[in-house]
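One structure below.
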Amino acid sequence: MKVCLERLRNGLITENPVFIMALGLCPTFAVTTSAVNAIGMGLSSLVVLMFSNFLISALSGVIPGRVRLPAEIVVVASLVTIVQLLIQGFAPSLYTSLGIYIPLIVVNCIILGRAEAYALGAKPIPALFDGLGMGLGFTLALLLLGSFREIIGAGSIFGIKLIPDAYHISIFVLPPGAFFVMAFLVAGMQYYQDDKRGKKSKPISLEEAKTKVVKPVAKPAAAANSATATAAAAVKPAAAQPQAAAAAQATVATAAVETKNPATEKKEEAK
């Protein structure tokens, strides 16, 4: 249970696919002109993420490594086709609004990325909760982006009028408005995750700055002496090598003189 809750938190906050990992930005910017479109796209991706993670994790021991990616695409494409037919049958207006972006869920980098990064090496239930967390995080990001753009740009949300027509800022419904709102939301998420938020750093005076300057520290005398002794010990064997070689040559010469050939000794006795 702890692992499942950790996967939910990971998808919502720690590794939010839009605000932290910056994945799936194409549908994020394209369909968030209204909150309804954002929820429709988010829930569609959530269903596909959940069941694709579950199925890929369950089939990970059966799928050969050389056809791993095609098999994942087949699983995701089958789920996307089911979701597309359901939206077309029960919410035709939403299907018309989302258009081509429903079939493009097949190649959404969030879905294939989670399948490769987590589902293949995890058990089915944690993989299911990982997909649920990532889907909720994606849906939340789309809902926030779509709500702000619709309120500021169109003055309404879910068909409820909030701002008079004279005070609309229509640029927020256009593509540049998506980048403006996205920038503020990403900054807010980064501020929320910052551990030092709200803490003011104490200013440092000039005297404190001078005392904190790092100065080179001289080596202690004992350390210097030990270093000198080590260097001398390393030099001694090198200096003693010529003397040892000369002594070895003298020993060989003496042995050669003492060991004489028997024929040579007989000649000397005959003389």
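We label chains A, B, ... in the order they appear in the structure tokens, count residues from 1 in each chain, and number ligands from 1 in the order shown.
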Please, which residues of segment 95-218 of chain A, numbered as in this document, come out strand (DSSP E or B) from DSSP, as a PDB file with N, CA and C atoms, in the first residue's frame?
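Written output follows (out.pdb):
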```pdb
ATOM      1  N   SER A 156     -15.202  33.114 -18.690  1.00  0.00           N
ATOM      2  CA  SER A 156     -16.163  32.129 -18.193  1.00  0.00           C
ATOM      3  C   SER A 156     -15.449  30.808 -17.949  1.00  0.00           C
ATOM      4  N   ILE A 157     -16.137  29.907 -17.240  1.00  0.00           N
ATOM      5  CA  ILE A 157     -15.623  28.568 -17.012  1.00  0.00           C
ATOM      6  C   ILE A 157     -16.811  27.623 -16.877  1.00  0.00           C
ATOM      7  N   ILE A 160     -20.165  29.202 -17.231  1.00  0.00           N
ATOM      8  CA  ILE A 160     -20.592  30.199 -16.235  1.00  0.00           C
ATOM      9  C   ILE A 160     -19.823  31.491 -16.491  1.00  0.00           C
ATOM     10  N   LYS A 161     -20.536  32.590 -16.690  1.00  0.00           N
ATOM     11  CA  LYS A 161     -19.910  33.878 -16.978  1.00  0.00           C
ATOM     12  C   LYS A 161     -19.367  34.490 -15.694  1.00  0.00           C
TER      13      LYS A 161
END
```
Counting only C-alpha atoms, the option among A:Leu132, A:Leu120, A:Leu25, A:Ile110 closest to Val47 of chain A
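Under the stated criterion, the closest residue is A:Leu132.
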Name the closest residue to Val80 of chain A among the candidates A:Leu98, A:Val62, A:Leu104, A:Leu174; distances are taken between atoms, counting only C-alpha atoms.
A:Leu104
Residues near Gly40 of chain A, cut-off 12 Å, only C-alpha atoms, skip fewer than 6 positions along chain, as a VMD selection string:
chain A and resid 27 to 28 31 to 32 34 46 to 47 83 to 84 86 to 88 90 to 99 101 to 102 135 138 to 140 142 to 143 146
Interatomic distance (Å, one decimal) between atom CA of Arg7 of chain A and atom CA of Asp130 of chain A:
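Separating atom CA of Arg7 of chain A from atom CA of Asp130 of chain A is a distance of 4.9 Å.
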Which of A:Ile63, A:Arg9, A:Val36, A:Arg149 sits closest to Phe179 of chain A [using only C-alpha atoms]:
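Checking each of A:Ile63, A:Arg9, A:Val36, A:Arg149 against Phe179 of chain A, counting only C-alpha atoms, the winner is A:Arg149.
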Of the candidates A:Ile73, A:Pro17, A:Ile169, A:Ala187, which shows the shortest atom-to-atom distance to Gly42 of chain A, using only C-alpha atoms?
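Closest to Gly42 of chain A of all the choices is A:Pro17.
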Residues flagged alpha helix (DSSP H) by DSSP in segment 31-81 of chain A, as a ChimeraX atom specification
/A:31,35-58,68-81
Atomic distance atom CA of Ala154 of chain A - atom CA of Cys26 of chain A, expressed in Å with one decimal
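Result for atom CA of Ala154 of chain A versus atom CA of Cys26 of chain A: 21.6 Å, one decimal.
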